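> File input-v1.pdb below, PDB, C-alpha atoms:
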ATOM      1  CA  MET A   6      56.382  64.050   6.290  1.00  0.00           C
ATOM      2  CA  PHE A   7      58.009  67.201   5.072  1.00  0.00           C
ATOM      3  CA  VAL A   8      57.216  70.686   6.435  1.00  0.00           C
ATOM      4  CA  SER A   9      58.391  74.061   5.177  1.00  0.00           C
ATOM      5  CA  ALA A  10      57.320  77.609   4.415  1.00  0.00           C
ATOM      6  CA  LEU A  11      56.388  78.290   0.814  1.00  0.00           C
ATOM      7  CA  SER A  12      58.313  81.578   1.073  1.00  0.00           C
ATOM      8  CA  SER A  13      61.582  79.697   1.745  1.00  0.00           C
ATOM      9  CA  PRO A  14      62.217  77.767  -1.475  1.00  0.00           C
ATOM     10  CA  ALA A  15      65.925  77.393  -0.705  1.00  0.00           C
ATOM     11  CA  LEU A  16      64.867  75.054   2.113  1.00  0.00           C
ATOM     12  CA  TRP A  17      62.477  72.825   0.152  1.00  0.00           C
ATOM     13  CA  GLN A  18      63.530  72.968  -3.515  1.00  0.00           C
ATOM     14  CA  PRO A  19      66.548  70.645  -3.066  1.00  0.00           C
ATOM     15  CA  PHE A  20      64.211  67.924  -1.750  1.00  0.00           C
ATOM     16  CA  LEU A  21      60.977  68.361  -3.689  1.00  0.00           C
ATOM     17  CA  THR A  22      62.527  68.059  -7.124  1.00  0.00           C
ATOM     18  CA  HIS A  23      59.889  66.079  -9.005  1.00  0.00           C
ATOM     19  CA  PRO A  24      57.978  68.253 -11.519  1.00  0.00           C
ATOM     20  CA  ILE A  25      54.649  67.279  -9.929  1.00  0.00           C
ATOM     21  CA  PHE A  26      55.778  68.753  -6.589  1.00  0.00           C
ATOM     22  CA  ARG A  27      57.196  71.842  -8.290  1.00  0.00           C
ATOM     23  CA  GLU A  28      54.021  72.455 -10.319  1.00  0.00           C
ATOM     24  CA  SER A  29      51.819  71.863  -7.262  1.00  0.00           C
ATOM     25  CA  LEU A  30      53.782  74.375  -5.178  1.00  0.00           C
ATOM     26  CA  ALA A  31      53.832  76.865  -8.066  1.00  0.00           C
ATOM     27  CA  TRP A  32      50.026  76.608  -8.243  1.00  0.00           C
ATOM     28  CA  ILE A  33      49.844  77.313  -4.521  1.00  0.00           C
ATOM     29  CA  ALA A  34      52.162  80.330  -4.806  1.00  0.00           C
ATOM     30  CA  THR A  35      50.124  81.765  -7.664  1.00  0.00           C
ATOM     31  CA  HIS A  36      46.553  80.969  -6.612  1.00  0.00           C
ATOM     32  CA  ALA A  37      46.229  80.212  -2.887  1.00  0.00           C
ATOM     33  CA  ALA A  38      45.543  83.759  -1.705  1.00  0.00           C
ATOM     34  CA  SER A  39      42.709  84.343  -4.169  1.00  0.00           C
ATOM     35  CA  ALA A  40      41.307  80.847  -4.803  1.00  0.00           C
ATOM     36  CA  GLU A  41      37.651  80.388  -3.998  1.00  0.00           C
ATOM     37  CA  PRO A  42      36.567  77.201  -2.238  1.00  0.00           C
ATOM     38  CA  GLY A  43      36.340  74.309  -4.661  1.00  0.00           C
ATOM     39  CA  ILE A  44      38.213  71.687  -6.632  1.00  0.00           C
ATOM     40  CA  TYR A  45      40.854  72.692  -9.192  1.00  0.00           C
ATOM     41  CA  GLU A  46      42.091  70.004 -11.607  1.00  0.00           C
ATOM     42  CA  LEU A  47      45.838  70.074 -12.309  1.00  0.00           C
ATOM     43  CA  GLY A  48      46.132  68.209 -15.601  1.00  0.00           C
ATOM     44  CA  GLN A  49      46.360  64.505 -14.698  1.00  0.00           C
ATOM     45  CA  PRO A  50      43.594  62.206 -13.429  1.00  0.00           C
ATOM     46  CA  GLY A  51      43.422  62.365  -9.639  1.00  0.00           C
ATOM     47  CA  TRP A  52      45.817  65.341  -9.326  1.00  0.00           C
ATOM     48  CA  PHE A  53      43.856  68.282  -7.971  1.00  0.00           C
ATOM     49  CA  VAL A  54      43.627  71.024  -5.362  1.00  0.00           C
ATOM     50  CA  ASN A  55      40.794  71.213  -2.837  1.00  0.00           C
ATOM     51  CA  VAL A  56      40.411  74.718  -1.374  1.00  0.00           C
ATOM     52  CA  HIS A  57      38.218  74.710   1.730  1.00  0.00           C
ATOM     53  CA  GLY A  58      37.770  75.939   5.262  1.00  0.00           C
ATOM     54  CA  TYR A  59      36.466  74.783   8.615  1.00  0.00           C
ATOM     55  CA  THR A  60      36.644  75.546  12.312  1.00  0.00           C
ATOM     56  CA  THR A  61      39.260  73.657  14.309  1.00  0.00           C
ATOM     57  CA  LYS A  62      38.006  71.648  17.260  1.00  0.00           C
ATOM     58  CA  PRO A  63      39.168  69.800  20.375  1.00  0.00           C
ATOM     59  CA  GLU A  64      41.557  66.980  19.547  1.00  0.00           C
ATOM     60  CA  ALA A  65      39.205  64.332  20.966  1.00  0.00           C
ATOM     61  CA  GLU A  66      36.720  65.199  18.185  1.00  0.00           C
ATOM     62  CA  CYS A  67      39.270  64.892  15.365  1.00  0.00           C
ATOM     63  CA  VAL A  68      39.737  61.787  13.211  1.00  0.00           C
ATOM     64  CA  TRP A  69      42.903  59.965  12.163  1.00  0.00           C
ATOM     65  CA  GLU A  70      43.321  59.240   8.461  1.00  0.00           C
ATOM     66  CA  ASN A  71      45.778  57.803   5.953  1.00  0.00           C
ATOM     67  CA  HIS A  72      45.892  57.616   2.176  1.00  0.00           C
ATOM     68  CA  ARG A  73      47.188  54.441   0.549  1.00  0.00           C
ATOM     69  CA  GLN A  74      47.853  55.778  -2.954  1.00  0.00           C
ATOM     70  CA  THR A  75      47.796  59.551  -2.541  1.00  0.00           C
ATOM     71  CA  ILE A  76      50.258  62.173  -1.324  1.00  0.00           C
ATOM     72  CA  ASP A  77      48.803  65.256   0.403  1.00  0.00           C
ATOM     73  CA  ILE A  78      50.335  68.704   0.294  1.00  0.00           C
ATOM     74  CA  GLN A  79      48.414  70.609   2.976  1.00  0.00           C
ATOM     75  CA  TYR A  80      48.899  74.390   2.833  1.00  0.00           C
ATOM     76  CA  LEU A  81      47.466  76.817   5.357  1.00  0.00           C
ATOM     77  CA  ILE A  82      46.130  80.063   3.895  1.00  0.00           C
ATOM     78  CA  GLU A  83      44.633  81.605   7.060  1.00  0.00           C
ATOM     79  CA  GLY A  84      44.383  80.540  10.701  1.00  0.00           C
ATOM     80  CA  ILE A  85      46.357  77.954  12.657  1.00  0.00           C
ATOM     81  CA  GLU A  86      45.849  74.185  12.694  1.00  0.00           C
ATOM     82  CA  GLY A  87      47.189  71.368  14.787  1.00  0.00           C
ATOM     83  CA  ILE A  88      47.893  68.116  12.948  1.00  0.00           C
ATOM     84  CA  ARG A  89      49.041  64.969  14.746  1.00  0.00           C
ATOM     85  CA  LEU A  90      51.239  62.439  12.947  1.00  0.00           C
ATOM     86  CA  LEU A  91      52.022  58.745  13.511  1.00  0.00           C
ATOM     87  CA  PRO A  92      53.106  55.840  11.315  1.00  0.00           C
ATOM     88  CA  VAL A  93      49.955  54.097  10.108  1.00  0.00           C
ATOM     89  CA  ALA A  94      51.224  50.845  11.645  1.00  0.00           C
ATOM     90  CA  SER A  95      50.694  52.426  15.086  1.00  0.00           C
ATOM     91  CA  LEU A  96      46.946  52.744  14.499  1.00  0.00           C
ATOM     92  CA  GLY A  97      45.864  49.152  13.961  1.00  0.00           C
ATOM     93  CA  GLU A  98      43.235  48.232  11.403  1.00  0.00           C
ATOM     94  CA  PRO A  99      41.216  50.993   9.713  1.00  0.00           C
ATOM     95  CA  THR A 100      37.643  51.446  10.878  1.00  0.00           C
ATOM     96  CA  LEU A 101      36.617  52.674   7.404  1.00  0.00           C
ATOM     97  CA  PHE A 102      38.081  52.807   3.891  1.00  0.00           C
ATOM     98  CA  LYS A 103      36.651  55.026   1.154  1.00  0.00           C
ATOM     99  CA  ALA A 104      38.155  53.893  -2.163  1.00  0.00           C
ATOM    100  CA  GLU A 105      36.800  56.903  -4.099  1.00  0.00           C
ATOM    101  CA  SER A 106      38.812  59.319  -1.940  1.00  0.00           C
ATOM    102  CA  ASP A 107      41.608  56.874  -1.005  1.00  0.00           C
ATOM    103  CA  THR A 108      40.925  57.571   2.667  1.00  0.00           C
ATOM    104  CA  GLU A 109      41.363  55.205   5.592  1.00  0.00           C
ATOM    105  CA  LYS A 110      39.895  56.289   8.941  1.00  0.00           C
ATOM    106  CA  PHE A 111      41.142  55.023  12.300  1.00  0.00           C
ATOM    107  CA  ALA A 112      40.092  54.882  15.932  1.00  0.00           C
ATOM    108  CA  PRO A 113      42.143  57.126  18.238  1.00  0.00           C
ATOM    109  CA  PRO A 114      45.530  55.570  19.007  1.00  0.00           C
ATOM    110  CA  THR A 115      46.798  54.685  22.457  1.00  0.00           C
ATOM    111  CA  GLU A 116      50.109  56.444  21.812  1.00  0.00           C
ATOM    112  CA  VAL A 117      50.517  60.184  21.376  1.00  0.00           C
ATOM    113  CA  GLY A 118      51.616  61.316  17.940  1.00  0.00           C
ATOM    114  CA  HIS A 119      53.819  64.237  17.046  1.00  0.00           C
ATOM    115  CA  LEU A 120      51.956  67.559  16.968  1.00  0.00           C
ATOM    116  CA  LEU A 121      52.522  69.969  14.115  1.00  0.00           C
ATOM    117  CA  ALA A 122      51.149  73.519  14.418  1.00  0.00           C
ATOM    118  CA  LEU A 123      50.672  74.617  10.805  1.00  0.00           C
ATOM    119  CA  ARG A 124      50.649  78.388  10.260  1.00  0.00           C
ATOM    120  CA  PRO A 125      49.753  80.574   7.280  1.00  0.00           C
ATOM    121  CA  GLY A 126      52.228  80.190   4.441  1.00  0.00           C
ATOM    122  CA  GLU A 127      53.433  76.785   5.647  1.00  0.00           C
ATOM    123  CA  PHE A 128      52.849  73.442   3.997  1.00  0.00           C
ATOM    124  CA  ALA A 129      53.171  69.826   5.069  1.00  0.00           C
ATOM    125  CA  VAL A 130      53.599  66.869   2.735  1.00  0.00           C
ATOM    126  CA  PHE A 131      52.084  63.599   3.966  1.00  0.00           C
ATOM    127  CA  PHE A 132      53.050  60.384   2.184  1.00  0.00           C
ATOM    128  CA  PRO A 133      51.174  57.061   2.237  1.00  0.00           C
ATOM    129  CA  GLY A 134      51.765  55.366   5.571  1.00  0.00           C
ATOM    130  CA  GLU A 135      52.001  58.684   7.433  1.00  0.00           C
ATOM    131  CA  ALA A 136      48.707  58.804   9.262  1.00  0.00           C
ATOM    132  CA  HIS A 137      47.587  62.257  10.264  1.00  0.00           C
ATOM    133  CA  CYS A 138      44.871  63.798  12.398  1.00  0.00           C
ATOM    134  CA  PRO A 139      44.008  67.316  11.155  1.00  0.00           C
ATOM    135  CA  LYS A 140      41.537  69.949  12.387  1.00  0.00           C
ATOM    136  CA  ILE A 141      42.993  70.176  15.901  1.00  0.00           C
ATOM    137  CA  ALA A 142      42.448  73.494  17.681  1.00  0.00           C
ATOM    138  CA  ILE A 143      45.554  75.183  19.044  1.00  0.00           C
ATOM    139  CA  GLY A 144      43.941  76.878  22.020  1.00  0.00           C
ATOM    140  CA  GLU A 145      40.321  77.728  21.219  1.00  0.00           C
ATOM    141  CA  GLY A 146      38.641  76.445  18.070  1.00  0.00           C
ATOM    142  CA  ALA A 147      38.954  78.970  15.259  1.00  0.00           C
ATOM    143  CA  PRO A 148      38.125  79.193  11.567  1.00  0.00           C
ATOM    144  CA  LEU A 149      40.824  78.536   9.021  1.00  0.00           C
ATOM    145  CA  ARG A 150      41.253  78.457   5.279  1.00  0.00           C
ATOM    146  CA  LYS A 151      43.504  75.866   3.660  1.00  0.00           C
ATOM    147  CA  LEU A 152      44.061  73.842   0.569  1.00  0.00           C
ATOM    148  CA  VAL A 153      45.106  70.276  -0.022  1.00  0.00           C
ATOM    149  CA  VAL A 154      46.849  69.160  -3.196  1.00  0.00           C
ATOM    150  CA  LYS A 155      46.131  65.491  -3.880  1.00  0.00           C
ATOM    151  CA  ILE A 156      48.881  63.728  -5.843  1.00  0.00           C
ATOM    152  CA  PRO A 157      48.450  60.122  -6.938  1.00  0.00           C
ATOM    153  CA  VAL A 158      51.638  58.201  -6.092  1.00  0.00           C
ATOM    154  CA  ARG A 159      51.651  56.782  -9.647  1.00  0.00           C
ATOM    155  CA  LEU A 160      52.477  60.299 -10.955  1.00  0.00           C
ATOM    156  CA  ILE A 161      55.662  60.407  -8.870  1.00  0.00           C
ATOM    157  CA  SER A 162      56.832  56.814  -9.407  1.00  0.00           C
TER     158      SER A 162
END
Let's see the structure in the file written out as structure tokens.


Amino acid sequence: MFVSALSSPALWQPFLTHPIFRESLAWIATHAASAEPGIYELGQPGWFVNVHGYTTKPEAECVWENHRQTIDIQYLIEGIEGIRLLPVASLGEPTLFKAESDTEKFAPPTEVGHLLALRPGEFAVFFPGEAHCPKIAIGEGAPLRKLVVKIPVRLIS
């Protein structure tokens, strides 16, 4: 996992050097504030942005997930969101796999994962094998607006 603020490129540019990461983050910088909810294709099959919103909820109601062949860049536009993180090996066997969205779902783990509080203007990069549990309320449940860039691993390899 990698976390940074989009407004601090000196912190993330030395590490996210692949053109796919650079173009994804440039799209976010240019469009995130004004993008309407929906899917935005980014020029290669499977590489897209999903702009959406929801209300955060108690952690016990949130679901763990992993992506086998997809990297997520999750960027918060408005609100605050808790996201737990654990290595996928800590979760046991998936309870569900959706091939069309490359999403594995898991039962709640017995161990506590790291908690990230994502704030507006910040992004987190989740790689395959880094299971995450988004939608966690920090305090009371509250609406948020975010986007997720989906990057097929084959575009980076």

> Taking into account all atoms listed in the file, which residue in the set A:Leu91, A:Leu16, A:Val8, A:Ala136 is nearest to A:Val117?

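Between A:Leu91, A:Leu16, A:Val8, A:Ala136, the residue approaching A:Val117 most closely is A:Leu91.
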
> Which residues, written as a list in words, have at least one atom at most 7 Å from stretch 104-114 of chain A, with all atoms listed in the file counted and residues fewer than 6 positions away on the same chain left out?

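Near stretch 104-114 of chain A, the qualifying residues are Val68, Trp69, Glu70, Asn71, His72, Arg73, Gln74, Thr75 and Leu96 of chain A.
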
> Any idea what the distance is between atom CA of A:Pro139 and atom CA of A:Ile88?

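Straight-line distance from atom CA of A:Pro139 to atom CA of A:Ile88 works out to 4.4 Å.
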
> What would the selection look like, as a PyMOL selection string, if the PyMOL selection byres ((chain A and resi 52) around 12) were run on the coordinates I just shared?

chain A and resi 25-26+28-29+44-51+53-55+74-78+106+153-161

> Set the distance at 10 Å and use all atoms listed in the file: which residues neighbour A:Ala94 once local chain neighbours fewer than 4 positions away are removed? I'd like the list as a ChimeraX atom specification.

/A:98,134-136

> Running the PyMOL selection byres ((chain A and resi 122) around 12) on this model by hand, what would come out? Give it as a list in words.

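Applied to this file, the PyMOL selection byres ((chain A and resi 122) around 12) selects Val8, Ser9, Thr61, Tyr80, Leu81, Gly84, Ile85, Glu86, Gly87, Ile88, Arg89, Leu90, His119, Leu120, Leu121, Leu123, Arg124, Pro125, Glu127, Phe128, Ala129, Cys138, Pro139, Lys140, Ile141, Ala142, Ile143 and Gly144 of chain A.
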
> Output, as AutoDock Vina command-line options, the centre and edge lengths in Å (one decimal) of the axis-aligned box that contains all listed atoms of stretch 78-84 of chain A with 3 Å of margin on each side.


--center_x 47.4 --center_y 75.2 --center_z 5.5 --size_x 12.0 --size_y 18.9 --size_z 16.4

> What separation in Å, quoted to one decimal, exists between atom CA of A:Thr60 and atom CA of A:Gly97?

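Atom CA of A:Gly97 lies at a distance of 28.0 Å from atom CA of A:Thr60.
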
> Could you pull the residues within 12 Å of A:Ser39, counting all atoms listed in the file, minus those fewer than 6 positions along the same chain, as a ChimeraX atom specification?

/A:32-33,56,82-83,150-152

> What does the structure give for the distance between atom CA of A:Pro63 and atom CA of A:Ala147, in Å to one decimal?

10.5 Å

> Mind telling me what the PyMOL selection byres ((chain A and resi 6) around 6) catches here, as a list in words?

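With the PyMOL selection byres ((chain A and resi 6) around 6) on this model, the match is Phe7, Val130 and Phe131 of chain A.
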
> With all atoms listed in the file as the basis for distance, which of A:Gly146, A:Gly126, A:Pro99, A:Pro133 is at the shortest distance from A:Pro14?

A:Gly126
